[in-house]
$ cat protein17.cif   # mmCIF, C-alpha atoms and all ligand atoms
data_my_file
loop_
_atom_site.label_atom_id
_atom_site.label_comp_id
_atom_site.auth_asym_id
_atom_site.auth_seq_id
_atom_site.Cartn_x
_atom_site.Cartn_y
_atom_site.Cartn_z
CA MET A 1 43.41 40.86 28.50
CA PRO A 2 42.55 37.53 26.81
CA THR A 3 39.62 35.71 28.28
CA LEU A 4 38.74 32.08 28.75
CA ASP A 5 36.04 31.66 26.14
CA HIS A 6 35.08 28.17 27.21
CA PRO A 7 32.43 27.49 29.80
CA SER A 8 33.51 25.86 33.01
CA GLY A 9 32.85 22.15 33.30
CA PRO A 10 34.18 19.18 35.18
CA VAL A 11 37.80 18.28 34.59
CA PRO A 12 38.36 14.83 33.04
CA ALA A 13 38.37 11.90 35.42
CA ALA A 14 41.60 11.55 37.36
CA PRO A 15 43.93 8.74 36.35
CA GLY A 16 44.87 6.30 39.08
CA PRO A 17 47.80 7.27 41.30
CA VAL A 18 51.19 6.26 39.98
CA PRO A 19 52.57 3.56 42.31
CA PRO A 20 55.83 4.50 44.01
CA GLN A 21 58.82 2.80 42.44
CA ARG A 22 62.20 1.76 43.72
CA TRP A 23 65.19 3.98 43.07
CA ARG A 24 67.83 2.48 40.78
CA PRO A 25 71.09 4.44 40.97
CA SER A 26 72.88 5.30 37.72
CA LEU A 27 76.30 3.82 36.96
CA LEU A 28 78.00 7.10 37.91
CA ILE A 29 76.21 7.10 41.28
CA VAL A 30 77.13 3.45 41.93
CA LEU A 31 80.78 4.18 41.15
CA SER A 32 80.68 7.31 43.32
CA LEU A 33 79.22 5.40 46.27
CA ALA A 34 81.89 2.68 45.84
CA LEU A 35 84.61 5.34 45.79
CA HIS A 36 83.27 6.84 49.01
CA ALA A 37 83.19 3.41 50.67
CA CYS A 38 86.77 2.66 49.57
CA ALA A 39 87.98 6.06 50.79
CA GLY A 40 86.25 5.50 54.14
CA VAL A 41 87.81 2.08 54.66
CA ALA A 42 91.27 3.31 53.58
CA TRP A 43 90.98 6.27 55.96
CA LEU A 44 90.21 3.93 58.86
CA ILE A 45 93.14 1.64 58.01
CA ASP A 46 95.77 4.26 57.22
CA PRO A 47 94.82 7.97 56.89
CA LEU A 48 98.00 8.74 54.93
CA SER A 49 97.31 6.11 52.26
CA ALA A 50 93.79 7.51 51.83
CA ARG A 51 95.04 10.88 50.55
CA PRO A 52 94.94 9.99 46.83
CA LEU A 53 91.42 8.63 47.31
CA LEU A 54 90.35 11.88 48.99
CA LEU A 55 91.64 13.79 45.97
CA LEU A 56 89.60 11.46 43.78
CA LEU A 57 86.57 12.21 45.97
CA LEU A 58 86.97 15.92 45.36
CA ILE A 59 87.13 15.31 41.59
CA ASN A 60 84.14 12.98 41.90
CA HIS A 61 82.06 15.70 43.61
CA ALA A 62 83.05 18.23 40.98
CA VAL A 63 81.91 15.83 38.23
CA LEU A 64 78.59 15.15 40.04
CA THR A 65 77.99 18.89 40.43
CA ILE A 66 78.67 19.56 36.75
CA CYS A 67 76.33 16.71 35.72
CA GLY A 68 73.55 18.28 37.80
CA LEU A 69 74.07 21.66 36.17
CA VAL A 70 73.73 20.24 32.64
CA PRO A 71 69.93 20.09 32.27
CA ARG A 72 69.90 17.34 29.62
CA SER A 73 72.47 15.12 31.35
CA ARG A 74 71.51 11.52 32.11
CA TRP A 75 74.53 10.70 34.25
CA LEU A 76 72.66 11.24 37.54
CA GLY A 77 69.63 9.17 36.52
CA PRO A 78 66.89 8.86 33.89
CA ASN A 79 66.04 12.14 32.17
CA LEU A 80 63.54 12.48 29.38
CA THR A 81 65.10 14.53 26.58
CA ARG A 82 63.09 13.04 23.70
CA LEU A 83 59.81 11.17 23.31
CA PRO A 84 59.87 7.36 23.17
CA ALA A 85 60.24 5.43 19.90
CA ALA A 86 56.49 4.70 19.62
CA ALA A 87 55.76 8.44 19.70
CA VAL A 88 58.46 9.08 17.11
CA ALA A 89 56.81 6.46 14.87
CA ARG A 90 53.52 8.35 15.27
CA ARG A 91 55.32 11.58 14.27
CA GLU A 92 54.59 13.25 17.59
CA VAL A 93 56.33 16.18 19.27
CA ALA A 94 55.73 17.64 22.73
CA LEU A 95 55.29 21.32 23.46
CA THR A 96 56.13 22.00 27.10
CA ILE A 97 55.33 25.33 28.72
CA ASP A 98 56.93 26.29 32.03
CA ASP A 99 56.55 28.68 34.96
CA GLY A 100 52.79 29.30 34.88
CA PRO A 101 49.96 29.53 35.25
CA ASP A 102 49.92 33.23 34.39
CA PRO A 103 46.53 34.98 34.35
CA GLU A 104 47.49 37.22 31.44
CA VAL A 105 49.49 34.87 29.21
CA THR A 106 48.12 31.37 29.80
CA PRO A 107 44.54 32.03 28.58
CA ALA A 108 45.90 33.46 25.32
CA VAL A 109 48.21 30.44 24.95
CA LEU A 110 45.23 28.14 25.46
CA ASP A 111 43.25 29.94 22.76
CA LEU A 112 46.16 29.73 20.30
CA LEU A 113 46.66 26.04 20.99
CA GLU A 114 42.96 25.38 20.47
CA ARG A 115 42.90 27.32 17.21
CA HIS A 116 45.67 25.06 15.91
CA GLY A 117 44.31 21.83 17.39
CA ALA A 118 47.49 21.47 19.46
CA ARG A 119 48.09 19.91 22.86
CA ALA A 120 50.72 20.98 25.37
CA THR A 121 52.18 20.04 28.73
CA PHE A 122 52.21 22.82 31.33
CA PHE A 123 54.90 22.52 34.01
CA CYS A 124 53.19 24.61 36.69
CA ILE A 125 54.61 26.13 39.87
CA GLY A 126 52.62 25.05 42.94
CA VAL A 127 52.20 28.48 44.56
CA LEU A 128 51.03 30.02 41.26
CA ALA A 129 48.56 27.16 40.78
CA GLU A 130 47.17 27.90 44.26
CA ARG A 131 46.72 31.53 43.20
CA HIS A 132 44.94 30.63 39.93
CA PRO A 133 43.23 27.26 40.46
CA GLU A 134 40.47 27.86 37.90
CA LEU A 135 43.09 28.52 35.23
CA CYS A 136 44.70 25.16 36.05
CA ARG A 137 41.36 23.40 35.72
CA GLU A 138 40.80 25.16 32.39
CA ILE A 139 44.18 23.87 31.13
CA VAL A 140 43.11 20.30 31.92
CA ARG A 141 39.56 20.78 30.60
CA ARG A 142 40.98 21.78 27.22
CA GLY A 143 42.87 18.50 26.94
CA HIS A 144 46.33 19.58 28.06
CA SER A 145 48.22 18.17 31.02
CA ILE A 146 49.76 19.77 34.08
CA GLU A 147 53.03 18.50 35.49
CA ASN A 148 55.21 19.32 38.48
CA HIS A 149 57.64 22.27 38.32
CA SER A 150 58.15 22.39 42.14
CA GLN A 151 56.13 24.30 44.73
CA HIS A 152 58.14 27.53 44.87
CA HIS A 153 60.54 27.43 41.87
CA ARG A 154 63.39 28.30 44.23
CA HIS A 155 66.51 29.79 42.65
CA ASN A 156 68.60 27.65 45.04
CA PHE A 157 66.72 24.44 44.17
CA SER A 158 69.90 22.68 43.05
CA LEU A 159 71.47 23.40 46.46
CA LEU A 160 68.68 21.79 48.51
CA GLY A 161 69.21 18.58 50.48
CA PRO A 162 67.01 15.47 50.29
CA ARG A 163 64.38 16.80 52.71
CA GLY A 164 64.14 20.18 50.97
CA LEU A 165 63.90 18.55 47.55
CA ARG A 166 61.24 16.08 48.70
CA ARG A 167 59.24 18.89 50.32
CA GLU A 168 59.30 21.01 47.13
CA LEU A 169 58.17 18.10 44.97
CA ARG A 170 55.61 16.63 47.38
CA GLN A 171 53.95 19.99 48.09
CA ALA A 172 53.58 20.64 44.36
CA GLN A 173 52.18 17.12 43.83
CA GLU A 174 49.58 17.70 46.55
CA THR A 175 48.74 21.21 45.34
CA LEU A 176 48.26 20.21 41.70
CA PHE A 177 46.34 17.04 42.56
CA ALA A 178 43.99 18.95 44.88
CA ILE A 179 43.25 21.50 42.12
CA THR A 180 43.01 19.31 39.01
CA GLY A 181 42.28 15.83 40.37
CA GLN A 182 45.21 14.57 38.30
CA ARG A 183 48.50 13.54 39.83
CA PRO A 184 51.56 14.75 37.89
CA GLY A 185 53.81 12.02 36.48
CA PHE A 186 56.67 14.24 35.30
CA PHE A 187 58.94 16.70 37.09
CA ARG A 188 61.07 19.44 35.60
CA ALA A 189 63.64 21.14 37.83
CA PRO A 190 63.66 24.96 38.00
CA ALA A 191 65.96 26.11 35.17
CA GLY A 192 66.74 22.41 34.68
CA LEU A 193 69.34 22.57 37.47
CA ARG A 194 69.53 19.76 40.03
CA ASN A 195 71.92 17.78 42.20
CA PRO A 196 72.57 14.04 42.73
CA LEU A 197 70.12 13.95 45.66
CA LEU A 198 67.09 14.61 43.40
CA ASP A 199 67.04 11.30 41.56
CA PRO A 200 66.38 9.12 44.68
CA VAL A 201 63.40 11.36 45.57
CA LEU A 202 61.56 11.02 42.24
CA PRO A 203 60.45 7.35 42.13
CA GLY A 204 58.82 7.47 45.57
CA LEU A 205 56.55 10.28 44.34
CA GLY A 206 55.76 8.53 41.06
CA LEU A 207 57.66 11.18 39.09
CA GLN A 208 59.97 10.99 36.11
CA LEU A 209 62.49 13.74 35.35
CA ALA A 210 61.78 15.50 32.05
CA SER A 211 63.98 18.09 30.37
CA TRP A 212 63.80 18.97 26.66
CA THR A 213 65.30 18.50 23.22
CA ARG A 214 65.52 22.20 22.42
CA ARG A 215 64.45 25.46 24.01
CA GLY A 216 63.85 28.98 22.81
CA PHE A 217 65.33 30.86 25.79
CA ASP A 218 62.12 32.87 25.67
CA THR A 219 62.52 34.25 29.20
CA ARG A 220 65.52 36.23 27.96
CA SER A 221 65.15 36.50 24.19
CA ASN A 222 62.33 38.61 22.76
CA ASP A 223 63.03 38.17 19.04
CA PRO A 224 60.34 35.84 17.62
CA GLU A 225 62.50 34.97 14.59
CA ARG A 226 65.40 33.85 16.76
CA LEU A 227 63.08 31.93 19.05
CA LEU A 228 61.58 30.11 16.09
CA GLN A 229 65.04 29.36 14.73
CA ARG A 230 66.18 27.88 18.05
CA LEU A 231 63.05 25.74 18.35
CA THR A 232 62.73 24.52 14.79
CA GLY A 233 66.16 25.09 13.21
CA ALA A 234 68.07 22.34 11.47
CA GLY A 235 67.19 18.98 12.91
CA LEU A 236 63.57 19.47 14.00
CA ARG A 237 62.09 16.00 13.98
CA ALA A 238 59.49 13.70 15.47
CA GLY A 239 60.13 12.97 19.14
CA ASP A 240 61.42 16.45 19.99
CA ILE A 241 60.40 18.05 23.28
CA LEU A 242 60.23 21.84 22.90
CA LEU A 243 60.37 24.29 25.80
CA LEU A 244 58.60 27.65 26.06
CA HIS A 245 57.38 29.76 29.02
CA ASP A 246 54.00 31.27 29.85
CA GLY A 247 55.40 32.55 33.17
CA ASN A 248 58.44 34.85 33.29
CA ALA A 249 58.06 35.43 29.53
CA ALA A 250 60.28 38.04 27.88
CA ARG A 251 58.42 40.87 26.15
CA THR A 252 58.82 41.86 22.51
CA PRO A 253 59.47 45.57 21.75
CA SER A 254 55.71 45.95 21.32
CA GLY A 255 55.14 44.52 24.79
CA ALA A 256 53.78 41.12 23.76
CA PRO A 257 54.89 38.06 25.73
CA ALA A 258 57.49 36.19 23.64
CA ILE A 259 55.55 32.92 23.66
CA LEU A 260 52.51 34.60 22.08
CA ALA A 261 54.71 36.16 19.40
CA VAL A 262 56.29 32.87 18.38
CA LEU A 263 53.57 30.29 18.99
CA PRO A 264 51.45 30.79 15.82
CA ALA A 265 54.48 30.46 13.52
CA LEU A 266 55.80 27.53 15.56
CA LEU A 267 52.51 25.63 15.38
CA GLU A 268 52.28 26.25 11.63
CA ARG A 269 55.86 25.03 11.17
CA LEU A 270 55.11 21.85 13.10
CA HIS A 271 51.94 21.28 11.12
CA SER A 272 53.65 21.77 7.77
CA ALA A 273 56.36 19.29 8.84
CA GLY A 274 53.64 16.69 9.44
CA LEU A 275 54.24 16.65 13.20
CA ARG A 276 51.46 16.27 15.76
CA THR A 277 51.70 17.91 19.18
CA VAL A 278 50.79 15.71 22.13
CA THR A 279 51.19 15.88 25.90
CA LEU A 280 54.02 13.96 27.55
CA ARG A 281 51.41 11.61 29.00
CA GLU A 282 49.91 10.85 25.59
CA ALA A 283 53.38 10.23 24.16
CA HIS A 284 54.03 7.63 26.87
CA LEU A 285 50.78 5.68 26.52
ZN ZN B 1 60.96 27.22 35.42
#

$ encode --input "protein17.cif" --output "structure tokens"
Amino acid sequence: MPTLDHPSGPVPAAPGPVPPQRWRPSLLIVLSLALHACAGVAWLIDPLSARPLLLLLLINHAVLTICGLVPRSRWLGPNLTRLPAAAVARREVALTIDDGPDPEVTPAVLDLLERHGARATFFCIGVLAERHPELCREIVRRGHSIENHSQHHRHNFSLLGPRGLRRELRQAQETLFAITGQRPGFFRAPAGLRNPLLDPVLPGLGLQLASWTRRGFDTRSNDPERLLQRLTGAGLRAGDILLLHDGNAARTPSGAPAILAVLPALLERLHSAGLRTVTLREAHL
């Protein structure tokens, strides 16, 4: 099993808490709310005349559901799918690594990243962080950042109501802050699936939704060549956000976690393209 070959030390000083912000609904949400209000008024005045509006409401809900199930969609609210223009100008890319920390895989990922002078953003699951707090502190000590991937990574996350969503996000915020001393500023939904009720919850917790530009599907695919092709194929460019997994990683035929099989070649490809890996926080400075 790989080991942490760095001595323990204090984690970097915590940044100040992100002030809660006000929720600004997207255009689709504004139009949906207006449609609901119109349907309500029409129903009160004349239930028969409201029938076409009720049909529109059904279509509206279907559209909202579909938008929530498209991970890179921005129709329900802001969603980071690429780094900002300043980061593109600096030729930066972001490696994001989900579903950890994992006591077997994460230390080896950290060693590989260090060998290549690369930085990454780890979207950690709260309950796993509670199980491996020292590993979380090691991630931060080595210059990477930890962000919020919910407390339990529930498979029914996209079906939760406002209270359930807020509880998942707030518990993970508290867990990760208590362990690392740093408050996450980004949230990634489990499997990227969400519903329209998530967006109003995010600003109050100082979180911004982050998805990705391209992903390797490395929880299902165990072919390093295919993973590399998906992550760096035609169109790899500055500003891309790449997604891999240190938790739930598929295994190659030899038993190696997929991320460890693809990471060296990926980091070399990024380096030869003149791209610098940074954390999401660094990209947004
Ligand atoms: Zn996940």

$ residues_around --input "protein17.cif" --residues "A:Leu95" --least-positions-apart "5" --cutoff "7 Å" --atoms "all atoms listed in the file" --output "VMD selection string"
chain A and resid 120 to 121 241 to 243 277

$ closest_residue --input "protein17.cif" --among "A:Arg51, A:Arg167, A:His245, A:Arg82" --to "A:Trp212" --atoms "all atoms listed in the file"
A:Arg82

$ residues_near_ligand --input "protein17.cif" --ligand "ligand ZN 1 (chain B)" --cutoff "8 Å" --atoms "all atoms listed in the file" --output "VMD selection string"
chain A and resid 98 to 99 123 125 149 153 188 to 192 245

$ closest_residue --input "protein17.cif" --among "A:Leu285, A:Leu53, A:Ala256, A:Val109" --to "A:Leu244" --atoms "all atoms listed in the file"
A:Val109

$ residues_around --input "protein17.cif" --residues "stretch 24-29 of chain A" --least-positions-apart "5" --cutoff "7 Å" --atoms "all atoms listed in the file" --output "list in words"
Trp75, Leu76 and Gly77 of chain A

$ residues_around --input "protein17.cif" --residues "stretch 224-239 of chain A" --least-positions-apart "6" --cutoff "12 Å" --atoms "all atoms listed in the file" --output "PDB file with C-alpha atoms, keeping the file's coordinate frame"
ATOM      1  CA  LEU A  80      63.540  12.480  29.380  1.00  0.00           C
ATOM      2  CA  THR A  81      65.100  14.530  26.580  1.00  0.00           C
ATOM      3  CA  ARG A  82      63.090  13.040  23.700  1.00  0.00           C
ATOM      4  CA  LEU A  83      59.810  11.170  23.310  1.00  0.00           C
ATOM      5  CA  PRO A  84      59.870   7.360  23.170  1.00  0.00           C
ATOM      6  CA  ALA A  85      60.240   5.430  19.900  1.00  0.00           C
ATOM      7  CA  ALA A  86      56.490   4.700  19.620  1.00  0.00           C
ATOM      8  CA  ALA A  87      55.760   8.440  19.700  1.00  0.00           C
ATOM      9  CA  VAL A  88      58.460   9.080  17.110  1.00  0.00           C
ATOM     10  CA  ALA A  89      56.810   6.460  14.870  1.00  0.00           C
ATOM     11  CA  ARG A  90      53.520   8.350  15.270  1.00  0.00           C
ATOM     12  CA  ARG A  91      55.320  11.580  14.270  1.00  0.00           C
ATOM     13  CA  GLU A  92      54.590  13.250  17.590  1.00  0.00           C
ATOM     14  CA  VAL A  93      56.330  16.180  19.270  1.00  0.00           C
ATOM     15  CA  ALA A  94      55.730  17.640  22.730  1.00  0.00           C
ATOM     16  CA  LEU A  95      55.290  21.320  23.460  1.00  0.00           C
ATOM     17  CA  THR A  96      56.130  22.000  27.100  1.00  0.00           C
ATOM     18  CA  TRP A 212      63.800  18.970  26.660  1.00  0.00           C
ATOM     19  CA  THR A 213      65.300  18.500  23.220  1.00  0.00           C
ATOM     20  CA  ARG A 214      65.520  22.200  22.420  1.00  0.00           C
ATOM     21  CA  ARG A 215      64.450  25.460  24.010  1.00  0.00           C
ATOM     22  CA  GLY A 216      63.850  28.980  22.810  1.00  0.00           C
ATOM     23  CA  PHE A 217      65.330  30.860  25.790  1.00  0.00           C
ATOM     24  CA  ASP A 218      62.120  32.870  25.670  1.00  0.00           C
ATOM     25  CA  HIS A 245      57.380  29.760  29.020  1.00  0.00           C
ATOM     26  CA  ALA A 250      60.280  38.040  27.880  1.00  0.00           C
ATOM     27  CA  ARG A 251      58.420  40.870  26.150  1.00  0.00           C
ATOM     28  CA  THR A 252      58.820  41.860  22.510  1.00  0.00           C
ATOM     29  CA  PRO A 253      59.470  45.570  21.750  1.00  0.00           C
ATOM     30  CA  SER A 254      55.710  45.950  21.320  1.00  0.00           C
ATOM     31  CA  ALA A 256      53.780  41.120  23.760  1.00  0.00           C
ATOM     32  CA  PRO A 257      54.890  38.060  25.730  1.00  0.00           C
ATOM     33  CA  ALA A 258      57.490  36.190  23.640  1.00  0.00           C
ATOM     34  CA  ILE A 259      55.550  32.920  23.660  1.00  0.00           C
ATOM     35  CA  LEU A 260      52.510  34.600  22.080  1.00  0.00           C
ATOM     36  CA  ALA A 261      54.710  36.160  19.400  1.00  0.00           C
ATOM     37  CA  VAL A 262      56.290  32.870  18.380  1.00  0.00           C
ATOM     38  CA  LEU A 263      53.570  30.290  18.990  1.00  0.00           C
ATOM     39  CA  PRO A 264      51.450  30.790  15.820  1.00  0.00           C
ATOM     40  CA  ALA A 265      54.480  30.460  13.520  1.00  0.00           C
ATOM     41  CA  LEU A 266      55.800  27.530  15.560  1.00  0.00           C
ATOM     42  CA  LEU A 267      52.510  25.630  15.380  1.00  0.00           C
ATOM     43  CA  GLU A 268      52.280  26.250  11.630  1.00  0.00           C
ATOM     44  CA  ARG A 269      55.860  25.030  11.170  1.00  0.00           C
ATOM     45  CA  LEU A 270      55.110  21.850  13.100  1.00  0.00           C
ATOM     46  CA  HIS A 271      51.940  21.280  11.120  1.00  0.00           C
ATOM     47  CA  SER A 272      53.650  21.770   7.770  1.00  0.00           C
ATOM     48  CA  ALA A 273      56.360  19.290   8.840  1.00  0.00           C
ATOM     49  CA  GLY A 274      53.640  16.690   9.440  1.00  0.00           C
ATOM     50  CA  LEU A 275      54.240  16.650  13.200  1.00  0.00           C
ATOM     51  CA  ARG A 276      51.460  16.270  15.760  1.00  0.00           C
ATOM     52  CA  THR A 277      51.700  17.910  19.180  1.00  0.00           C
ATOM     53  CA  VAL A 278      50.790  15.710  22.130  1.00  0.00           C
ATOM     54  CA  THR A 279      51.190  15.880  25.900  1.00  0.00           C
ATOM     55  CA  LEU A 280      54.020  13.960  27.550  1.00  0.00           C
ATOM     56  CA  ALA A 283      53.380  10.230  24.160  1.00  0.00           C
ATOM     57  CA  HIS A 284      54.030   7.630  26.870  1.00  0.00           C
TER      58      HIS A 284
END

$ closest_residue --input "protein17.cif" --among "A:Cys38, A:Ala210, A:Leu58, A:Ala249" --to "A:Thr106" --atoms "only C-alpha atoms"
A:Ala249

$ closest_residue --input "protein17.cif" --among "A:Ser145, A:Gln208, A:Gln171, A:Ser32" --to "A:Leu56" --atoms "all atoms listed in the file"
A:Ser32

$ closest_residue --input "protein17.cif" --among "A:Leu113, A:Leu193, A:Leu44, A:Ala108" --to "A:His155" --atoms "only C-alpha atoms"
A:Leu193

$ atom_distance --input "protein17.cif" --atom1 "atom CA of A:Ile97" --atom2 "atom CA of A:Gly247"
8.5 Å

$ atom_distance --input "protein17.cif" --atom1 "atom CA of A:Leu54" --atom2 "atom CA of A:Gly40"
9.2 Å

$ atom_distance --input "protein17.cif" --atom1 "atom CA of A:Leu209" --atom2 "atom CA of A:Phe187"
4.9 Å

$ axis_aligned_box --input "protein17.cif" --around "stretch 64-79 of chain A" --padding-each-side "6 Å" --output "AutoDock Vina command-line options"
--center_x 72.4 --center_y 15.3 --center_z 35.0 --size_x 24.6 --size_y 24.8 --size_z 22.8

$ residues_around --input "protein17.cif" --residues "A:Thr65" --least-positions-apart "5" --cutoff "10 Å" --atoms "all atoms listed in the file" --output "short mmCIF file (atom, residue, chain, number, x, y, z; two decimals) with C-alpha atoms, keeping the file's coordinate frame"
data_model
loop_
_atom_site.label_atom_id
_atom_site.label_comp_id
_atom_site.auth_asym_id
_atom_site.auth_seq_id
_atom_site.Cartn_x
_atom_site.Cartn_y
_atom_site.Cartn_z
CA ILE A 59 87.13 15.31 41.59
CA ASN A 60 84.14 12.98 41.90
CA VAL A 70 73.73 20.24 32.64
CA LEU A 76 72.66 11.24 37.54
CA SER A 158 69.90 22.68 43.05
CA LEU A 159 71.47 23.40 46.46
CA LEU A 193 69.34 22.57 37.47
CA ARG A 194 69.53 19.76 40.03
CA ASN A 195 71.92 17.78 42.20
CA PRO A 196 72.57 14.04 42.73
#

$ decode --input "protein17.cif" --residues "stretch 39-106 of chain A" --atoms "C-alpha atoms" --output "PDB file, in the first residue's frame"
ATOM      1  CA  ALA A  39     -51.661  29.061 -13.491  1.00  0.00           C
ATOM      2  CA  GLY A  40     -52.608  29.644  -9.849  1.00  0.00           C
ATOM      3  CA  VAL A  41     -54.481  32.859 -10.597  1.00  0.00           C
ATOM      4  CA  ALA A  42     -56.236  31.334 -13.636  1.00  0.00           C
ATOM      5  CA  TRP A  43     -57.268  28.317 -11.542  1.00  0.00           C
ATOM      6  CA  LEU A  44     -58.827  30.595  -8.933  1.00  0.00           C
ATOM      7  CA  ILE A  45     -60.714  32.610 -11.561  1.00  0.00           C
ATOM      8  CA  ASP A  46     -61.887  29.767 -13.787  1.00  0.00           C
ATOM      9  CA  PRO A  47     -60.572  26.195 -13.292  1.00  0.00           C
ATOM     10  CA  LEU A  48     -61.590  25.188 -16.834  1.00  0.00           C
ATOM     11  CA  SER A  49     -59.604  27.991 -18.487  1.00  0.00           C
ATOM     12  CA  ALA A  50     -56.535  26.981 -16.460  1.00  0.00           C
ATOM     13  CA  ARG A  51     -56.286  23.562 -18.133  1.00  0.00           C
ATOM     14  CA  PRO A  52     -53.865  24.616 -20.905  1.00  0.00           C
ATOM     15  CA  LEU A  53     -51.693  26.304 -18.288  1.00  0.00           C
ATOM     16  CA  LEU A  54     -51.639  23.113 -16.205  1.00  0.00           C
ATOM     17  CA  LEU A  55     -50.429  21.217 -19.268  1.00  0.00           C
ATOM     18  CA  LEU A  56     -47.713  23.833 -19.669  1.00  0.00           C
ATOM     19  CA  LEU A  57     -46.804  23.304 -16.004  1.00  0.00           C
ATOM     20  CA  LEU A  58     -46.306  19.602 -16.606  1.00  0.00           C
ATOM     21  CA  ILE A  59     -44.032  20.359 -19.574  1.00  0.00           C
ATOM     22  CA  ASN A  60     -42.232  22.960 -17.465  1.00  0.00           C
ATOM     23  CA  HIS A  61     -41.509  20.398 -14.721  1.00  0.00           C
ATOM     24  CA  ALA A  62     -40.262  17.898 -17.273  1.00  0.00           C
ATOM     25  CA  VAL A  63     -37.867  20.520 -18.681  1.00  0.00           C
ATOM     26  CA  LEU A  64     -36.630  21.458 -15.171  1.00  0.00           C
ATOM     27  CA  THR A  65     -36.042  17.786 -14.350  1.00  0.00           C
ATOM     28  CA  ILE A  66     -34.078  17.214 -17.554  1.00  0.00           C
ATOM     29  CA  CYS A  67     -31.951  20.324 -16.905  1.00  0.00           C
ATOM     30  CA  GLY A  68     -31.061  18.955 -13.454  1.00  0.00           C
ATOM     31  CA  LEU A  69     -30.024  15.621 -14.917  1.00  0.00           C
ATOM     32  CA  VAL A  70     -27.614  17.217 -17.402  1.00  0.00           C
ATOM     33  CA  PRO A  71     -24.546  17.776 -15.204  1.00  0.00           C
ATOM     34  CA  ARG A  72     -23.077  20.627 -17.276  1.00  0.00           C
ATOM     35  CA  SER A  73     -26.372  22.489 -17.731  1.00  0.00           C
ATOM     36  CA  ARG A  74     -26.530  26.136 -16.651  1.00  0.00           C
ATOM     37  CA  TRP A  75     -30.283  26.547 -17.036  1.00  0.00           C
ATOM     38  CA  LEU A  76     -30.972  26.052 -13.308  1.00  0.00           C
ATOM     39  CA  GLY A  77     -28.253  28.471 -12.168  1.00  0.00           C
ATOM     40  CA  PRO A  78     -24.506  29.168 -12.371  1.00  0.00           C
ATOM     41  CA  ASN A  79     -22.409  26.076 -13.006  1.00  0.00           C
ATOM     42  CA  LEU A  80     -18.663  26.116 -13.468  1.00  0.00           C
ATOM     43  CA  THR A  81     -17.792  24.040 -16.534  1.00  0.00           C
ATOM     44  CA  ARG A  82     -14.556  25.851 -17.446  1.00  0.00           C
ATOM     45  CA  LEU A  83     -12.043  28.067 -15.659  1.00  0.00           C
ATOM     46  CA  PRO A  84     -12.405  31.848 -15.932  1.00  0.00           C
ATOM     47  CA  ALA A  85     -10.742  33.876 -18.709  1.00  0.00           C
ATOM     48  CA  ALA A  86      -7.835  34.996 -16.493  1.00  0.00           C
ATOM     49  CA  ALA A  87      -6.939  31.349 -15.830  1.00  0.00           C
ATOM     50  CA  VAL A  88      -7.198  30.551 -19.532  1.00  0.00           C
ATOM     51  CA  ALA A  89      -4.778  33.421 -20.235  1.00  0.00           C
ATOM     52  CA  ARG A  90      -2.371  31.862 -17.712  1.00  0.00           C
ATOM     53  CA  ARG A  91      -2.732  28.505 -19.539  1.00  0.00           C
ATOM     54  CA  GLU A  92      -4.176  26.783 -16.497  1.00  0.00           C
ATOM     55  CA  VAL A  93      -6.267  23.614 -16.265  1.00  0.00           C
ATOM     56  CA  ALA A  94      -7.925  22.079 -13.208  1.00  0.00           C
ATOM     57  CA  LEU A  95      -7.681  18.427 -12.243  1.00  0.00           C
ATOM     58  CA  THR A  96     -10.619  17.512 -10.019  1.00  0.00           C
ATOM     59  CA  ILE A  97     -10.726  14.213  -8.162  1.00  0.00           C
ATOM     60  CA  ASP A  98     -13.987  12.948  -6.673  1.00  0.00           C
ATOM     61  CA  ASP A  99     -15.364  10.479  -4.126  1.00  0.00           C
ATOM     62  CA  GLY A 100     -12.422  10.255  -1.710  1.00  0.00           C
ATOM     63  CA  PRO A 101     -10.524  10.296   0.429  1.00  0.00           C
ATOM     64  CA  ASP A 102      -9.539   6.663  -0.072  1.00  0.00           C
ATOM     65  CA  PRO A 103      -6.785   5.270   2.180  1.00  0.00           C
ATOM     66  CA  GLU A 104      -5.370   3.076  -0.577  1.00  0.00           C
ATOM     67  CA  VAL A 105      -5.658   5.303  -3.648  1.00  0.00           C
ATOM     68  CA  THR A 106      -5.387   8.898  -2.418  1.00  0.00           C
TER      69      THR A 106
END
